[in-house]
file upload25.cif (mmCIF, C-alpha atoms)
data_work
loop_
_atom_site.label_atom_id
_atom_site.label_comp_id
_atom_site.auth_asym_id
_atom_site.auth_seq_id
_atom_site.Cartn_x
_atom_site.Cartn_y
_atom_site.Cartn_z
CA MET A 56 -7.50 -16.12 12.06
CA PHE A 57 -6.02 -12.64 12.57
CA ARG A 58 -6.91 -10.53 15.57
CA GLU A 59 -8.99 -7.41 15.21
CA MET A 60 -7.46 -4.16 16.34
CA ARG A 61 -8.40 -3.53 19.95
CA ARG A 62 -8.54 0.25 19.66
CA ARG A 63 -10.57 0.68 16.48
CA PRO A 64 -10.82 4.48 16.72
CA GLN A 65 -7.04 4.62 16.12
CA ALA A 66 -7.26 2.58 12.90
CA LEU A 67 -5.88 4.05 9.70
CA SER A 68 -7.93 3.92 6.52
CA HIS A 69 -6.78 1.72 3.66
CA GLU A 70 -5.63 4.86 1.81
CA GLU A 71 -3.52 5.96 4.81
CA ILE A 72 -1.99 2.48 5.07
CA VAL A 73 -1.04 2.47 1.38
CA ASP A 74 0.34 6.01 1.66
CA LEU A 75 2.58 5.02 4.58
CA LEU A 76 3.85 1.92 2.74
CA LYS A 77 4.62 3.98 -0.35
CA LYS A 78 6.19 6.93 1.50
CA GLU A 79 8.37 5.16 4.07
CA THR A 80 11.43 3.35 2.78
CA ARG A 81 12.07 0.70 5.42
CA GLY A 82 10.62 -1.44 8.15
CA VAL A 83 11.27 -4.69 10.00
CA MET A 84 10.55 -8.10 8.48
CA SER A 85 10.06 -10.84 11.06
CA VAL A 86 10.38 -14.53 10.31
CA GLN A 87 10.54 -17.74 12.30
CA GLY A 88 14.31 -17.98 12.71
CA ASP A 89 16.68 -20.70 13.82
CA ASP A 90 15.62 -22.96 16.69
CA GLY A 91 12.21 -21.26 16.87
CA TYR A 92 13.60 -17.84 17.77
CA PRO A 93 11.93 -14.88 16.06
CA TYR A 94 14.24 -13.07 13.66
CA GLY A 95 13.53 -9.45 12.74
CA VAL A 96 15.63 -7.64 10.20
CA PRO A 97 15.42 -3.97 9.11
CA ILE A 98 15.00 -3.84 5.36
CA ASN A 99 13.98 -1.57 2.47
CA HIS A 100 10.67 -2.28 0.77
CA TYR A 101 8.64 -1.44 -2.29
CA TYR A 102 4.84 -1.58 -2.17
CA ASN A 103 3.33 -2.35 -5.58
CA GLU A 104 -0.25 -1.10 -5.79
CA GLU A 105 -0.78 -3.02 -9.03
CA ASP A 106 -0.55 -6.45 -7.40
CA GLY A 107 -0.90 -5.49 -3.72
CA ARG A 108 2.42 -7.06 -2.79
CA LEU A 109 5.36 -5.86 -0.74
CA TYR A 110 8.77 -6.54 -2.28
CA PHE A 111 12.25 -6.79 -0.77
CA HIS A 112 15.60 -7.45 -2.36
CA GLY A 113 18.67 -9.13 -0.98
CA ALA A 114 21.16 -11.93 -1.30
CA LYS A 115 20.13 -15.36 -2.57
CA PHE A 116 21.16 -16.95 0.73
CA GLY A 117 21.26 -16.15 4.44
CA HIS A 118 19.25 -16.34 7.66
CA ARG A 119 16.13 -14.65 6.25
CA VAL A 120 16.05 -16.80 3.08
CA ASP A 121 16.57 -20.02 5.07
CA ALA A 122 13.74 -19.04 7.42
CA VAL A 123 11.33 -18.25 4.57
CA LYS A 124 12.11 -21.59 2.92
CA ARG A 125 11.30 -23.36 6.20
CA ASP A 126 8.15 -21.34 6.96
CA PRO A 127 6.83 -18.68 4.56
CA LYS A 128 4.70 -16.93 7.22
CA VAL A 129 6.12 -13.46 7.90
CA SER A 130 5.16 -10.14 9.38
CA TYR A 131 6.39 -6.70 8.39
CA CYS A 132 6.13 -3.51 10.43
CA VAL A 133 6.56 0.06 9.17
CA PHE A 134 6.62 3.21 11.31
CA GLY A 135 5.99 6.70 9.99
CA GLN A 136 7.83 9.78 11.13
CA ASP A 137 6.87 11.23 14.51
CA GLU A 138 4.61 14.27 14.26
CA ARG A 139 3.64 16.77 16.91
CA LYS A 140 0.67 19.12 16.78
CA ASP A 141 1.00 22.74 17.94
CA GLY A 142 0.59 23.03 21.70
CA ASP A 143 0.93 19.28 22.32
CA TRP A 144 4.06 17.82 23.91
CA ALA A 145 3.40 14.22 22.89
CA TYR A 146 4.04 12.77 19.45
CA TYR A 147 1.66 11.11 17.03
CA VAL A 148 3.01 8.04 15.23
CA LYS A 149 1.49 6.05 12.38
CA SER A 150 2.37 2.39 11.94
CA VAL A 151 1.37 -0.49 9.69
CA ILE A 152 1.66 -4.22 10.35
CA VAL A 153 1.42 -6.75 7.53
CA PHE A 154 0.96 -10.50 7.85
CA GLY A 155 1.38 -12.78 4.88
CA LYS A 156 3.27 -15.48 3.11
CA ALA A 157 6.65 -14.82 1.56
CA VAL A 158 7.37 -15.92 -1.99
CA LEU A 159 10.92 -16.20 -3.33
CA ILE A 160 11.29 -14.74 -6.82
CA GLU A 161 14.31 -15.64 -8.95
CA ASP A 162 13.05 -14.50 -12.38
CA GLN A 163 15.64 -11.99 -13.62
CA ASP A 164 13.18 -9.85 -15.56
CA GLU A 165 10.94 -9.50 -12.49
CA ILE A 166 13.94 -8.75 -10.26
CA MET A 167 15.11 -6.03 -12.65
CA ARG A 168 11.62 -4.47 -12.90
CA ILE A 169 10.96 -4.40 -9.14
CA CYS A 170 14.49 -3.38 -8.14
CA ASP A 171 14.26 -0.45 -10.57
CA LYS A 172 11.08 0.72 -8.78
CA LEU A 173 12.66 0.18 -5.37
CA CYS A 174 15.72 2.24 -6.32
CA ARG A 175 13.47 5.11 -7.39
CA LYS A 176 12.17 5.49 -3.83
CA PHE A 177 15.59 6.96 -3.00
CA PRO A 178 17.24 10.14 -4.29
CA CYS A 179 19.54 8.37 -6.75
CA SER A 180 20.69 9.50 -10.15
CA GLU A 181 19.72 7.58 -13.29
CA GLU A 182 23.37 6.61 -13.78
CA TYR A 183 23.60 5.19 -10.26
CA ILE A 184 20.35 3.20 -10.63
CA LYS A 185 21.41 1.78 -14.00
CA GLY A 186 24.86 0.84 -12.66
CA GLU A 187 23.47 -0.88 -9.58
CA LEU A 188 20.89 -2.83 -11.57
CA GLU A 189 23.46 -4.01 -14.10
CA LYS A 190 25.99 -4.91 -11.41
CA ASP A 191 23.84 -6.58 -8.75
CA THR A 192 20.58 -8.06 -10.09
CA LYS A 193 22.22 -11.31 -11.22
CA ASN A 194 23.09 -11.98 -7.56
CA THR A 195 19.77 -10.72 -6.20
CA LEU A 196 16.74 -12.56 -4.89
CA LEU A 197 13.37 -10.89 -4.47
CA ILE A 198 11.02 -11.72 -1.65
CA ALA A 199 7.38 -10.77 -2.13
CA ILE A 200 4.76 -10.86 0.58
CA ASP A 201 1.33 -12.04 -0.46
CA ILE A 202 -0.60 -10.00 2.11
CA GLU A 203 -3.19 -11.90 4.13
CA ASP A 204 -3.89 -9.22 6.76
CA ILE A 205 -2.92 -5.60 7.07
CA ASN A 206 -3.81 -2.87 9.50
CA GLY A 207 -2.49 0.44 10.62
CA LYS A 208 -3.00 2.81 13.49
CA LEU A 209 -2.27 6.29 14.73
CA VAL A 210 -0.96 6.39 18.29
CA HIS A 211 -0.80 9.50 20.46
CA GLU A 212 2.10 8.87 22.80
CA ALA A 213 0.67 10.80 25.72
#
call {"tool": "encode", "arguments": {"input": "upload25.cif", "output": "structure tokens"}}
result
Amino acid sequence: MFREMRRRPQALSHEEIVDLLKKETRGVMSVQGDDGYPYGVPINHYYNEEDGRLYFHGAKFGHRVDAVKRDPKVSYCVFGQDERKDGDWAYYVKSVIVFGKAVLIEDQDEIMRICDKLCRKFPCSEEYIKGELEKDTKNTLLIAIDIEDINGKLVHEA
């Protein structure tokens, strides 16, 4: 169903993929938007190793939510920071692409638990995190991706 990576020697290991998903804070979620047009939106994510899902938070309505309700198939792309090795002019870039089905989560306890973990990916104080969770989770919807395919690669941009 999903294509194999054409350049297998560039493939990242599962551990490198998980590391990139945990370390990087944002990527682009793509859905089947209005009138069949692709819709990609930059968004923060949290990768939960316990259940192998990616989580996103946002409003309970909007373009992305409407698209997921119509068709739950999504993709999500994350890029790592550019790196350059000594003596080399070209950059090395790691990326991960995820394919899966989006699930809308409205359970307030689950939203609070995941949003707390998402907030902790950023350099926020405990007071800020607590205030944001108390203020916003009642108006928040979680989207989880049940991952069906995932791969990553290291590209040398020479």
call {"tool": "residues_around", "arguments": {"input": "upload25.cif", "residues": "Phe134 in chain A", "least_positions_apart": "6", "cutoff": "7 Å", "atoms": "only C-alpha atoms", "output": "PyMOL selection string"}}
result
chain A and resi 82+149-151
call {"tool": "write_last_selection", "arguments": {"input": "upload25.cif", "atoms": "C-alpha atoms", "output": "PDB file, keeping the file's coordinate frame"}}
result
ATOM      1  CA  GLY A  82      10.620  -1.440   8.150  1.00  0.00           C
ATOM      2  CA  LYS A 149       1.490   6.050  12.380  1.00  0.00           C
ATOM      3  CA  SER A 150       2.370   2.390  11.940  1.00  0.00           C
ATOM      4  CA  VAL A 151       1.370  -0.490   9.690  1.00  0.00           C
TER       5      VAL A 151
END
call {"tool": "atom_distance", "arguments": {"input": "upload25.cif", "atom1": "CA of Tyr183 in chain A", "atom2": "CA of Cys170 in chain A"}}
result
12.7 Å
call {"tool": "residues_near_point", "arguments": {"input": "upload25.cif", "point": "(9.9, -0.2, 2.4)", "cutoff": "8 Å", "atoms": "all atoms listed in the file", "output": "count of residues only"}}
result
15
call {"tool": "closest_residue", "arguments": {"input": "upload25.cif", "among": "A:His112, A:Ala145, A:His211, A:Glu71", "to": "Lys172 in chain A", "atoms": "all atoms listed in the file"}}
result
A:His112
call {"tool": "resolve_selection", "arguments": {"input": "upload25.cif", "expression": "the PyMOL selection byres ((chain A and resi 129) around 7)", "output": "list in words"}}
result
Met84, Ser85, Val86, Pro127, Lys128, Ser130, Tyr131, Phe154, Gly155, Lys156 and Ala157 of chain A
call {"tool": "resolve_selection", "arguments": {"input": "upload25.cif", "expression": "the PyMOL selection byres ((chain A and resi 89) around 12)", "output": "PyMOL selection string"}}
result
chain A and resi 86-88+90-95+117-126
call {"tool": "closest_residue", "arguments": {"input": "upload25.cif", "among": "A:Glu182, A:Asp164, A:Ala213, A:Asn206", "to": "Trp144 in chain A", "atoms": "only C-alpha atoms"}}
result
A:Ala213
call {"tool": "closest_residue", "arguments": {"input": "upload25.cif", "among": "A:His69, A:Leu75, A:Pro178, A:Arg63", "to": "Ile205 in chain A", "atoms": "all atoms listed in the file"}}
result
A:His69
call {"tool": "closest_residue", "arguments": {"input": "upload25.cif", "among": "A:Val96, A:Asp162, A:Arg108, A:Glu212", "to": "Asp143 in chain A", "atoms": "all atoms listed in the file"}}
result
A:Glu212
call {"tool": "closest_residue", "arguments": {"input": "upload25.cif", "among": "A:Ile160, A:Ile152, A:Ala114, A:Met167", "to": "Thr195 in chain A", "atoms": "all atoms listed in the file"}}
result
A:Ala114
call {"tool": "closest_residue", "arguments": {"input": "upload25.cif", "among": "A:Ile202, A:Met56, A:Ile72, A:Leu209", "to": "Tyr147 in chain A", "atoms": "all atoms listed in the file"}}
result
A:Leu209
call {"tool": "atom_distance", "arguments": {"input": "upload25.cif", "atom1": "CA of Phe116 in chain A", "atom2": "CA of Glu203 in chain A"}}
result
25.1 Å
call {"tool": "build_atoms", "arguments": {"input": "upload25.cif", "residues": "range 106-130 of chain A", "atoms": "N, CA and C atoms", "output": "mmCIF file, in the coordinates of the input"}}
result
data_model
loop_
_atom_site.group_PDB
_atom_site.id
_atom_site.type_symbol
_atom_site.label_atom_id
_atom_site.label_comp_id
_atom_site.auth_asym_id
_atom_site.auth_seq_id
_atom_site.Cartn_x
_atom_site.Cartn_y
_atom_site.Cartn_z
ATOM 1 N N ASP A 106 -0.270 -5.081 -7.829
ATOM 2 C CA ASP A 106 -0.550 -6.450 -7.400
ATOM 3 C C ASP A 106 -0.762 -6.584 -5.890
ATOM 4 N N GLY A 107 -0.660 -5.464 -5.162
ATOM 5 C CA GLY A 107 -0.900 -5.490 -3.720
ATOM 6 C C GLY A 107 0.150 -6.229 -2.926
ATOM 7 N N ARG A 108 1.331 -6.353 -3.471
ATOM 8 C CA ARG A 108 2.420 -7.060 -2.790
ATOM 9 C C ARG A 108 3.469 -6.096 -2.271
ATOM 10 N N LEU A 109 4.144 -6.523 -1.212
ATOM 11 C CA LEU A 109 5.360 -5.860 -0.740
ATOM 12 C C LEU A 109 6.543 -6.631 -1.286
ATOM 13 N N TYR A 110 7.579 -5.910 -1.720
ATOM 14 C CA TYR A 110 8.770 -6.540 -2.280
ATOM 15 C C TYR A 110 10.013 -6.095 -1.518
ATOM 16 N N PHE A 111 10.968 -7.025 -1.430
ATOM 17 C CA PHE A 111 12.250 -6.790 -0.770
ATOM 18 C C PHE A 111 13.327 -7.432 -1.617
ATOM 19 N N HIS A 112 14.505 -6.842 -1.614
ATOM 20 C CA HIS A 112 15.600 -7.450 -2.360
ATOM 21 C C HIS A 112 16.727 -7.797 -1.395
ATOM 22 N N GLY A 113 17.538 -8.751 -1.804
ATOM 23 C CA GLY A 113 18.670 -9.130 -0.980
ATOM 24 C C GLY A 113 19.447 -10.268 -1.621
ATOM 25 N N ALA A 114 20.342 -10.824 -0.827
ATOM 26 C CA ALA A 114 21.160 -11.930 -1.300
ATOM 27 C C ALA A 114 20.318 -13.187 -1.497
ATOM 28 N N LYS A 115 20.846 -14.114 -2.284
ATOM 29 C CA LYS A 115 20.130 -15.360 -2.570
ATOM 30 C C LYS A 115 20.259 -16.370 -1.437
ATOM 31 N N PHE A 116 20.962 -16.036 -0.382
ATOM 32 C CA PHE A 116 21.160 -16.950 0.730
ATOM 33 C C PHE A 116 21.257 -16.137 2.029
ATOM 34 N N GLY A 117 21.130 -16.809 3.148
ATOM 35 C CA GLY A 117 21.260 -16.150 4.440
ATOM 36 C C GLY A 117 20.147 -16.557 5.389
ATOM 37 N N HIS A 118 20.190 -16.003 6.578
ATOM 38 C CA HIS A 118 19.250 -16.340 7.660
ATOM 39 C C HIS A 118 17.798 -16.134 7.227
ATOM 40 N N ARG A 119 17.501 -14.974 6.655
ATOM 41 C CA ARG A 119 16.130 -14.650 6.250
ATOM 42 C C ARG A 119 15.628 -15.619 5.170
ATOM 43 N N VAL A 120 16.449 -15.899 4.173
ATOM 44 C CA VAL A 120 16.050 -16.800 3.080
ATOM 45 C C VAL A 120 15.839 -18.217 3.619
ATOM 46 N N ASP A 121 16.742 -18.688 4.468
ATOM 47 C CA ASP A 121 16.570 -20.020 5.070
ATOM 48 C C ASP A 121 15.269 -20.099 5.849
ATOM 49 N N ALA A 122 14.966 -19.061 6.613
ATOM 50 C CA ALA A 122 13.740 -19.040 7.420
ATOM 51 C C ALA A 122 12.491 -19.072 6.542
ATOM 52 N N VAL A 123 12.492 -18.297 5.473
ATOM 53 C CA VAL A 123 11.330 -18.250 4.570
ATOM 54 C C VAL A 123 11.140 -19.601 3.880
ATOM 55 N N LYS A 124 12.226 -20.266 3.535
ATOM 56 C CA LYS A 124 12.110 -21.590 2.920
ATOM 57 C C LYS A 124 11.504 -22.596 3.901
ATOM 58 N N ARG A 125 11.837 -22.466 5.173
ATOM 59 C CA ARG A 125 11.300 -23.360 6.200
ATOM 60 C C ARG A 125 9.834 -23.073 6.491
ATOM 61 N N ASP A 126 9.511 -21.769 6.595
ATOM 62 C CA ASP A 126 8.150 -21.340 6.960
ATOM 63 C C ASP A 126 7.900 -19.995 6.300
ATOM 64 N N PRO A 127 7.024 -19.930 5.304
ATOM 65 C CA PRO A 127 6.830 -18.680 4.560
ATOM 66 C C PRO A 127 6.016 -17.616 5.307
ATOM 67 N N LYS A 128 5.481 -17.927 6.486
ATOM 68 C CA LYS A 128 4.700 -16.930 7.220
ATOM 69 C C LYS A 128 5.632 -15.849 7.781
ATOM 70 N N VAL A 129 5.301 -14.596 7.462
ATOM 71 C CA VAL A 129 6.120 -13.460 7.900
ATOM 72 C C VAL A 129 5.215 -12.329 8.382
ATOM 73 N N SER A 130 5.831 -11.407 9.087
ATOM 74 C CA SER A 130 5.160 -10.140 9.380
ATOM 75 C C SER A 130 6.135 -9.026 9.017
#
